[in-house]
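Structure file final_14.pdb (PDB, C-alpha atoms) follows.
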ATOM      1  CA  MET A  24      14.871 -38.211 -14.355
ATOM      2  CA  LYS A  25      17.809 -35.882 -15.020
ATOM      3  CA  LYS A  26      15.699 -33.922 -17.515
ATOM      4  CA  ILE A  27      12.929 -33.504 -14.946
ATOM      5  CA  VAL A  28      15.382 -32.196 -12.342
ATOM      6  CA  LEU A  29      16.840 -29.747 -14.865
ATOM      7  CA  LEU A  30      13.352 -28.598 -15.837
ATOM      8  CA  VAL A  31      12.355 -28.008 -12.212
ATOM      9  CA  LEU A  32      15.596 -26.121 -11.624
ATOM     10  CA  ALA A  33      15.024 -23.965 -14.711
ATOM     11  CA  LEU A  34      11.471 -23.131 -13.625
ATOM     12  CA  SER A  35      12.703 -22.225 -10.148
ATOM     13  CA  ILE A  36      15.315 -19.874 -11.604
ATOM     14  CA  LEU A  37      12.733 -18.228 -13.875
ATOM     15  CA  GLN A  38      10.347 -17.717 -10.955
ATOM     16  CA  THR A  39      13.130 -16.174  -8.876
ATOM     17  CA  LEU A  40      14.108 -13.810 -11.702
ATOM     18  CA  ALA A  41      10.475 -12.814 -12.238
ATOM     19  CA  TYR A  42      10.061 -12.110  -8.533
ATOM     20  CA  CYS A  43      13.230 -10.014  -8.422
ATOM     21  CA  GLN A  44      12.148  -8.029 -11.488
ATOM     22  CA  GLU A  45       8.665  -7.490 -10.025
ATOM     23  CA  LYS A  46      10.190  -6.290  -6.768
ATOM     24  CA  LYS A  47      12.582  -3.984  -8.631
ATOM     25  CA  ASP A  48       9.759  -2.486 -10.685
ATOM     26  CA  SER A  49       7.253  -2.212  -7.847
ATOM     27  CA  ILE A  50       5.898   1.173  -6.886
ATOM     28  CA  LYS A  51       5.066   2.140  -3.334
ATOM     29  CA  THR A  52       3.588   5.610  -3.020
ATOM     30  CA  ALA A  53       3.189   7.890  -0.003
ATOM     31  CA  LEU A  54       1.386  11.191   0.438
ATOM     32  CA  LEU A  55       3.568  13.975   1.858
ATOM     33  CA  ILE A  56       1.594  16.966   3.182
ATOM     34  CA  VAL A  57       3.852  19.941   3.886
ATOM     35  CA  ASP A  58       2.940  22.727   6.319
ATOM     36  CA  ILE A  59      -0.819  23.039   5.854
ATOM     37  CA  GLN A  60      -1.015  24.879   9.167
ATOM     38  CA  TYR A  61      -3.272  27.543  10.644
ATOM     39  CA  PHE A  62      -0.698  30.332  10.359
ATOM     40  CA  TYR A  63      -1.182  30.295   6.576
ATOM     41  CA  PHE A  64      -4.938  30.910   6.858
ATOM     42  CA  PRO A  65      -6.610  34.307   7.385
ATOM     43  CA  SER A  66      -6.474  35.345  11.020
ATOM     44  CA  GLU A  67      -6.180  38.478  13.082
ATOM     45  CA  GLY A  68      -3.367  40.544  11.567
ATOM     46  CA  SER A  69      -2.811  38.163   8.642
ATOM     47  CA  ALA A  70      -4.471  37.869   5.237
ATOM     48  CA  GLY A  71      -3.173  34.313   4.776
ATOM     49  CA  LEU A  72      -2.011  32.806   1.505
ATOM     50  CA  VAL A  73      -3.819  33.433  -1.762
ATOM     51  CA  GLY A  74      -6.405  30.704  -2.381
ATOM     52  CA  VAL A  75      -5.435  28.905   0.802
ATOM     53  CA  GLU A  76      -8.897  27.600   1.681
ATOM     54  CA  GLN A  77      -9.509  26.178  -1.793
ATOM     55  CA  ALA A  78      -6.065  24.532  -1.805
ATOM     56  CA  SER A  79      -6.701  22.978   1.611
ATOM     57  CA  LEU A  80      -9.974  21.480   0.387
ATOM     58  CA  LYS A  81      -8.176  19.911  -2.589
ATOM     59  CA  ALA A  82      -5.599  18.590  -0.127
ATOM     60  CA  LYS A  83      -8.397  17.172   2.017
ATOM     61  CA  GLU A  84      -9.845  15.340  -0.988
ATOM     62  CA  LEU A  85      -6.432  13.927  -1.910
ATOM     63  CA  LEU A  86      -5.895  12.831   1.690
ATOM     64  CA  GLU A  87      -9.215  10.965   1.604
ATOM     65  CA  ILE A  88      -8.131   9.234  -1.614
ATOM     66  CA  ALA A  89      -4.798   8.283  -0.035
ATOM     67  CA  ARG A  90      -6.503   6.820   3.019
ATOM     68  CA  ALA A  91      -9.014   4.901   0.887
ATOM     69  CA  ASN A  92      -6.107   3.365  -1.048
ATOM     70  CA  GLU A  93      -4.190   2.623   2.183
ATOM     71  CA  LEU A  94      -1.224   4.808   1.270
ATOM     72  CA  LEU A  95       1.352   5.834   3.816
ATOM     73  CA  VAL A  96       0.551   9.418   4.854
ATOM     74  CA  VAL A  97       3.167  11.773   6.291
ATOM     75  CA  HIS A  98       2.303  15.196   7.690
ATOM     76  CA  VAL A  99       4.995  17.848   8.059
ATOM     77  CA  LYS A 100       4.527  20.863  10.314
ATOM     78  CA  HIS A 101       6.889  23.769  10.834
ATOM     79  CA  LYS A 102       7.688  24.560  14.437
ATOM     80  CA  SER A 103       6.169  27.890  15.437
ATOM     81  CA  ASN A 104       5.078  29.746  18.548
ATOM     82  CA  LYS A 105       1.557  30.458  17.319
ATOM     83  CA  LEU A 106      -1.093  28.936  15.046
ATOM     84  CA  SER A 107       1.263  26.030  14.332
ATOM     85  CA  GLU A 108      -1.283  23.198  14.457
ATOM     86  CA  ILE A 109      -2.113  21.316  11.285
ATOM     87  CA  HIS A 110      -5.316  22.657   9.756
ATOM     88  CA  LYS A 111      -8.530  20.747  10.439
ATOM     89  CA  ASN A 112      -9.016  20.012   6.722
ATOM     90  CA  VAL A 113      -5.979  17.701   6.726
ATOM     91  CA  GLU A 114      -5.794  16.814  10.400
ATOM     92  CA  PRO A 115      -3.770  13.640  11.063
ATOM     93  CA  ILE A 116      -5.442  10.522  12.350
ATOM     94  CA  GLU A 117      -3.971   7.784  14.513
ATOM     95  CA  ASN A 118      -0.914   6.046  13.027
ATOM     96  CA  GLU A 119      -0.194   8.824  10.498
ATOM     97  CA  LYS A 120       3.347  10.109  10.915
ATOM     98  CA  VAL A 121       3.817  13.757  11.915
ATOM     99  CA  ILE A 122       7.235  15.335  11.292
ATOM    100  CA  ILE A 123       8.108  18.568  13.090
ATOM    101  CA  LYS A 124      10.748  20.629  11.310
ATOM    102  CA  GLU A 125      12.616  23.853  11.923
ATOM    103  CA  GLU A 126      14.084  24.293   8.440
ATOM    104  CA  VAL A 127      12.565  24.991   5.021
ATOM    105  CA  ASN A 128      13.603  21.540   3.777
ATOM    106  CA  SER A 129      11.398  18.837   5.333
ATOM    107  CA  PHE A 130      14.266  16.325   5.187
ATOM    108  CA  LEU A 131      16.801  18.523   6.969
ATOM    109  CA  LYS A 132      17.368  17.562  10.624
ATOM    110  CA  THR A 133      14.304  15.271  10.651
ATOM    111  CA  ASP A 134      13.746  11.528  10.338
ATOM    112  CA  LEU A 135      11.659  11.870   7.170
ATOM    113  CA  LEU A 136      14.146  10.160   4.846
ATOM    114  CA  GLU A 137      14.700   7.275   7.245
ATOM    115  CA  TYR A 138      10.942   6.827   7.716
ATOM    116  CA  LEU A 139      10.254   6.723   3.974
ATOM    117  CA  LYS A 140      13.097   4.283   3.337
ATOM    118  CA  THR A 141      12.008   2.034   6.208
ATOM    119  CA  ASN A 142       8.573   1.847   4.589
ATOM    120  CA  GLN A 143      10.116   1.160   1.154
ATOM    121  CA  ILE A 144       8.560   4.251  -0.422
ATOM    122  CA  ASN A 145       9.817   5.208  -3.872
ATOM    123  CA  ARG A 146       7.124   7.611  -5.124
ATOM    124  CA  LEU A 147       5.785  10.695  -3.350
ATOM    125  CA  LEU A 148       2.631  12.714  -3.882
ATOM    126  CA  VAL A 149       3.672  16.111  -2.531
ATOM    127  CA  ILE A 150       1.318  18.952  -1.601
ATOM    128  CA  GLY A 151       1.430  21.887   0.745
ATOM    129  CA  MET A 152       2.481  25.423   1.545
ATOM    130  CA  GLN A 153       4.121  27.667   0.561
ATOM    131  CA  THR A 154       4.643  26.652  -3.065
ATOM    132  CA  HIS A 155       7.829  28.690  -3.437
ATOM    133  CA  MET A 156       9.347  27.714  -0.081
ATOM    134  CA  CYS A 157       8.741  24.504   1.854
ATOM    135  CA  LEU A 158       6.806  22.728  -0.904
ATOM    136  CA  GLU A 159       9.504  23.405  -3.479
ATOM    137  CA  ALA A 160      12.292  22.490  -1.052
ATOM    138  CA  ALA A 161      10.616  19.174  -0.198
ATOM    139  CA  VAL A 162      10.203  18.228  -3.860
ATOM    140  CA  ARG A 163      13.775  19.123  -4.805
ATOM    141  CA  ALA A 164      15.215  17.246  -1.829
ATOM    142  CA  ALA A 165      13.000  14.216  -2.414
ATOM    143  CA  HIS A 166      14.099  14.046  -6.045
ATOM    144  CA  ASP A 167      17.757  14.293  -5.049
ATOM    145  CA  PHE A 168      17.243  11.402  -2.620
ATOM    146  CA  GLY A 169      15.920   9.270  -5.486
ATOM    147  CA  PHE A 170      12.157   9.527  -5.018
ATOM    148  CA  GLU A 171       9.848   9.951  -7.973
ATOM    149  CA  CYS A 172       7.654  12.977  -7.246
ATOM    150  CA  ILE A 173       4.167  14.006  -8.310
ATOM    151  CA  THR A 174       2.987  17.448  -7.207
ATOM    152  CA  ILE A 175      -0.752  18.162  -7.141
ATOM    153  CA  GLU A 176      -0.595  21.840  -7.959
ATOM    154  CA  ASP A 177      -4.062  22.965  -6.874
ATOM    155  CA  ALA A 178      -3.457  21.457  -3.416
ATOM    156  CA  CYS A 179      -0.661  24.009  -2.895
ATOM    157  CA  ALA A 180      -0.760  27.757  -2.230
ATOM    158  CA  THR A 181       1.533  30.743  -1.894
ATOM    159  CA  ARG A 182       1.430  34.533  -1.445
ATOM    160  CA  ASP A 183       2.188  37.775  -3.276
ATOM    161  CA  LEU A 184       5.812  38.839  -2.870
ATOM    162  CA  LYS A 185       7.758  42.047  -3.418
ATOM    163  CA  PHE A 186      11.142  42.288  -5.104
ATOM    164  CA  GLY A 187      12.429  45.834  -4.868
ATOM    165  CA  ASP A 188       9.439  47.937  -5.888
ATOM    166  CA  LYS A 189       7.921  45.193  -8.037
ATOM    167  CA  LEU A 190       4.936  43.205  -6.775
ATOM    168  CA  VAL A 191       4.975  39.585  -7.937
ATOM    169  CA  LYS A 192       1.522  38.034  -7.834
ATOM    170  CA  ALA A 193       1.011  34.709  -6.073
ATOM    171  CA  GLU A 194      -0.350  33.045  -9.219
ATOM    172  CA  ASP A 195       2.826  33.966 -11.097
ATOM    173  CA  ILE A 196       5.074  32.708  -8.299
ATOM    174  CA  HIS A 197       3.057  29.473  -8.120
ATOM    175  CA  ALA A 198       3.246  28.936 -11.887
ATOM    176  CA  GLY A 199       6.947  29.800 -12.039
ATOM    177  CA  VAL A 200       7.918  27.346  -9.321
ATOM    178  CA  LEU A 201       5.866  24.534 -10.845
ATOM    179  CA  ALA A 202       7.315  25.276 -14.282
ATOM    180  CA  THR A 203      10.872  24.920 -12.952
ATOM    181  CA  LEU A 204      10.055  21.727 -11.018
ATOM    182  CA  SER A 205       8.480  20.197 -14.116
ATOM    183  CA  GLY A 206      10.981  21.529 -16.629
ATOM    184  CA  GLY A 207      13.925  20.516 -14.479
ATOM    185  CA  GLY A 208      12.660  16.955 -14.104
ATOM    186  CA  TYR A 209      12.074  17.265 -10.358
ATOM    187  CA  SER A 210       8.380  16.435 -10.386
ATOM    188  CA  LYS A 211       5.423  15.567 -12.553
ATOM    189  CA  ILE A 212       2.834  18.323 -12.125
ATOM    190  CA  LEU A 213      -0.880  17.459 -12.146
ATOM    191  CA  ASN A 214      -4.029  19.097 -10.908
ATOM    192  CA  LEU A 215      -6.396  17.030  -8.799
ATOM    193  CA  SER A 216      -8.805  16.364 -11.676
ATOM    194  CA  GLN A 217      -5.995  15.004 -13.858
ATOM    195  CA  PHE A 218      -4.821  12.816 -10.987
ATOM    196  CA  LYS A 219      -8.315  11.437 -10.368
ATOM    197  CA  GLU A 220      -8.730  10.518 -14.033
ATOM    198  CA  ASN A 221      -6.141   7.762 -13.619
ATOM    199  CA  ILE A 222      -5.586   7.241  -9.896
ATOM    200  CA  HIS A 223      -4.309   3.669 -10.188
ATOM    201  CA  LYS A 224      -1.646   4.658 -12.707
ATOM    202  CA  TYR A 225      -0.277   7.489 -10.581
ATOM    203  CA  LEU A 226      -0.343   5.457  -7.368
ATOM    204  CA  PHE A 227       0.830   2.013  -8.413
ATOM    205  CA  GLU A 228       2.257   1.900 -11.943
ATOM    206  CA  LYS A 229       5.682   2.776 -13.322
TER     207      LYS A 229
END

Now that the file is in, can you turn its structure into structure tokens?
Amino acid sequence: MKKIVLLVLALSILQTLAYCQEKKDSIKTALLIVDIQYFYFPSEGSAGLVGVEQASLKAKELLEIARANELLVVHVKHKSNKLSEIHKNVEPIENEKVIIKEEVNSFLKTDLLEYLKTNQINRLLVIGMQTHMCLEAAVRAAHDFGFECITIEDACATRDLKFGDKLVKAEDIHAGVLATLSGGGYSKILNLSQFKENIHKYLFEK
């Protein structure tokens, strides 16, 4: 009888340890969409970002994948006086969180961190605009808060910039930012095709 009790106790302990390890190793992923808003698209008096329409369509496809896999989706929009609405290609639906920010960093002076922690998120798919500003700031901050980040690079866009009398092309800015995020360990960088090749791995596995 004593041996049976000890055996039951041992099995109970093993089950508890297995559960704790499974919980520790579990992955819960959310999609974070940063500033895909109308003011970045061509309009009167503005040329928009380079490749913005194509990037928004990639973002739309990723959003559809996230919804199909029942991921938490968080939209971030920068407060602005005009053309500030989220673009129709990634328009939020009911029950999807919308964060309104006034800073470059999506976590600064918002409830984004609290919301992600409340929902036990530990991995973020991050996409958005502009690559060198709000997208980069969100990834760096998320990493510093302990989130694992994956950036889908062709669902992001930026613009040409000038430094002194030198014009820096958008594609070079985009590549440079992604190179530093990847090289610095802030984020894994994938394009949408690479992500789709192994969706389950990138959403649910360590």

Discussion item. Please enumerate the residues selected by the PyMOL selection byres ((chain A and resi 68-77) around 12) when evaluated against the supplied file, formatted as a PyMOL selection string.
Written reply: chain A and resi 58-67+78-84+106+110-113+151-155+176-184+192-197+215

Fill in: CA of Tyr225 (chain A) to CA of Arg163 (chain A), distance in Å rounded to a single decimal
19.1 Å

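Proximity ranking of A:Met156, A:Pro115, A:Val162, A:Lys51 relative to Thr141 (chain A) places A:Lys51 first, based on only C-alpha atoms.
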
Worksheet item: Selected by the PyMOL selection byres ((chain A and resi 95) around 8) in the shown coordinates: which residues, as a VMD selection string?
Response: chain A and resid 52 to 54 89 to 90 93 to 94 96 to 97 119

Fill in: All residues 9 Å or closer to Lys100 (chain A), only C-alpha atoms, same chain fewer than 3 positions away omitted, as a PyMOL selection string
chain A and resi 56-60+103+107-109+121-125+129

Worksheet item: Separation of CA of Phe130 (chain A) and CA of Ile50 (chain A), in Å?
Response: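 Rounded to one decimal, the two atoms are 21.1 Å apart.
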
Discussion item. Counting only C-alpha atoms, which residue out of A:Leu204, A:Ile222, A:Leu158, A:Ile175 sits closest to Ala91 (chain A)?
Written reply: A:Ile222

Discussion item. Could you tell me how far CA of Cys172 (chain A) sits from CA of Gly208 (chain A), in Å to one decimal place?
Written reply: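 Pair CA of Gly208 (chain A) / CA of Cys172 (chain A) returns 9.4 Å.
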
Worksheet entry | Residue with smallest distance to Val99 (chain A) - pool A:Ala161, A:Leu201, A:Leu147, A:Ile116, counting all atoms listed in the file |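 Checking each of A:Ala161, A:Leu201, A:Leu147, A:Ile116 against Val99 (chain A), counting all atoms listed in the file, the winner is A:Ala161.
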
Taking the block just given, write region 126-165 of chain A to a file that holds N, CA and C atoms, as a tab-separated table (two decimals), in the first residue's frame.
chain	number	residue	atom	x	y	z
A	126	GLU	N	3.92	59.44	-29.53
A	126	GLU	CA	5.37	59.36	-29.58
A	126	GLU	C	5.79	58.37	-30.67
A	127	VAL	N	7.07	58.36	-31.00
A	127	VAL	CA	7.59	57.40	-31.98
A	127	VAL	C	7.46	55.98	-31.45
A	128	ASN	N	7.81	55.78	-30.20
A	128	ASN	CA	7.77	54.48	-29.54
A	128	ASN	C	6.33	54.11	-29.17
A	129	SER	N	5.84	53.01	-29.71
A	129	SER	CA	4.44	52.59	-29.47
A	129	SER	C	4.15	52.27	-28.01
A	130	PHE	N	5.18	51.97	-27.23
A	130	PHE	CA	5.00	51.62	-25.82
A	130	PHE	C	4.98	52.85	-24.91
A	131	LEU	N	5.50	53.96	-25.41
A	131	LEU	CA	5.67	55.15	-24.57
A	131	LEU	C	4.34	55.88	-24.38
A	132	LYS	N	3.94	56.00	-23.11
A	132	LYS	CA	2.70	56.71	-22.74
A	132	LYS	C	1.45	56.06	-23.33
A	133	THR	N	1.50	54.73	-23.52
A	133	THR	CA	0.32	53.97	-23.94
A	133	THR	C	0.17	52.75	-23.02
A	134	ASP	N	-0.91	52.02	-23.21
A	134	ASP	CA	-1.12	50.81	-22.41
A	134	ASP	C	-0.73	49.54	-23.16
A	135	LEU	N	0.12	49.69	-24.19
A	135	LEU	CA	0.48	48.54	-25.01
A	135	LEU	C	1.17	47.44	-24.20
A	136	LEU	N	2.15	47.79	-23.40
A	136	LEU	CA	2.87	46.79	-22.62
A	136	LEU	C	1.93	46.06	-21.67
A	137	GLU	N	1.11	46.80	-20.97
A	137	GLU	CA	0.16	46.20	-20.03
A	137	GLU	C	-0.79	45.25	-20.76
A	138	TYR	N	-1.26	45.66	-21.94
A	138	TYR	CA	-2.21	44.84	-22.70
A	138	TYR	C	-1.57	43.53	-23.14
A	139	LEU	N	-0.34	43.60	-23.62
A	139	LEU	CA	0.36	42.39	-24.06
A	139	LEU	C	0.63	41.45	-22.89
A	140	LYS	N	1.05	42.01	-21.77
A	140	LYS	CA	1.32	41.18	-20.59
A	140	LYS	C	0.05	40.55	-20.06
A	141	THR	N	-1.04	41.30	-20.03
A	141	THR	CA	-2.32	40.77	-19.56
A	141	THR	C	-2.75	39.58	-20.40
A	142	ASN	N	-2.43	39.62	-21.69
A	142	ASN	CA	-2.79	38.53	-22.60
A	142	ASN	C	-1.68	37.48	-22.74
A	143	GLN	N	-0.67	37.58	-21.88
A	143	GLN	CA	0.41	36.59	-21.78
A	143	GLN	C	1.16	36.40	-23.11
A	144	ILE	N	1.32	37.49	-23.83
A	144	ILE	CA	2.06	37.46	-25.09
A	144	ILE	C	3.56	37.45	-24.82
A	145	ASN	N	4.29	36.61	-25.55
A	145	ASN	CA	5.75	36.63	-25.41
A	145	ASN	C	6.48	36.69	-26.76
A	146	ARG	N	5.73	36.62	-27.86
A	146	ARG	CA	6.33	36.78	-29.19
A	146	ARG	C	5.49	37.75	-30.00
A	147	LEU	N	6.15	38.65	-30.72
A	147	LEU	CA	5.46	39.64	-31.54
A	147	LEU	C	5.88	39.53	-32.99
A	148	LEU	N	4.88	39.48	-33.88
A	148	LEU	CA	5.10	39.76	-35.30
A	148	LEU	C	4.90	41.25	-35.46
A	149	VAL	N	5.92	41.96	-35.94
A	149	VAL	CA	5.83	43.42	-36.01
A	149	VAL	C	5.96	43.87	-37.46
A	150	ILE	N	5.01	44.69	-37.89
A	150	ILE	CA	5.03	45.26	-39.24
A	150	ILE	C	4.59	46.71	-39.16
A	151	GLY	N	4.88	47.47	-40.23
A	151	GLY	CA	4.35	48.83	-40.22
A	151	GLY	C	5.24	49.88	-40.85
A	152	MET	N	5.00	51.11	-40.47
A	152	MET	CA	5.58	52.28	-41.12
A	152	MET	C	5.90	53.36	-40.09
A	153	GLN	N	6.94	54.10	-40.29
A	153	GLN	CA	8.00	53.95	-41.27
A	153	GLN	C	9.07	53.02	-40.71
A	154	THR	N	9.74	52.29	-41.59
A	154	THR	CA	10.72	51.31	-41.13
A	154	THR	C	11.75	51.92	-40.19
A	155	HIS	N	12.24	53.10	-40.54
A	155	HIS	CA	13.34	53.70	-39.78
A	155	HIS	C	12.88	54.50	-38.56
A	156	MET	N	11.58	54.61	-38.36
A	156	MET	CA	11.07	55.41	-37.24
A	156	MET	C	10.22	54.55	-36.30
A	157	CYS	N	8.93	54.55	-36.49
A	157	CYS	CA	8.03	53.92	-35.52
A	157	CYS	C	8.13	52.40	-35.53
A	158	LEU	N	8.39	51.80	-36.69
A	158	LEU	CA	8.59	50.36	-36.74
A	158	LEU	C	9.84	49.97	-35.96
A	159	GLU	N	10.95	50.63	-36.25
A	159	GLU	CA	12.19	50.31	-35.55
A	159	GLU	C	12.06	50.55	-34.04
A	160	ALA	N	11.44	51.66	-33.67
A	160	ALA	CA	11.29	51.98	-32.24
A	160	ALA	C	10.45	50.92	-31.53
A	161	ALA	N	9.40	50.45	-32.18
A	161	ALA	CA	8.54	49.42	-31.57
A	161	ALA	C	9.31	48.12	-31.36
A	162	VAL	N	10.10	47.72	-32.35
A	162	VAL	CA	10.86	46.48	-32.24
A	162	VAL	C	11.91	46.57	-31.12
A	163	ARG	N	12.65	47.67	-31.10
A	163	ARG	CA	13.69	47.83	-30.08
A	163	ARG	C	13.07	47.84	-28.67
A	164	ALA	N	11.98	48.56	-28.51
A	164	ALA	CA	11.33	48.62	-27.20
A	164	ALA	C	10.77	47.27	-26.80
A	165	ALA	N	10.14	46.59	-27.74
A	165	ALA	CA	9.57	45.27	-27.45
A	165	ALA	C	10.65	44.30	-27.01
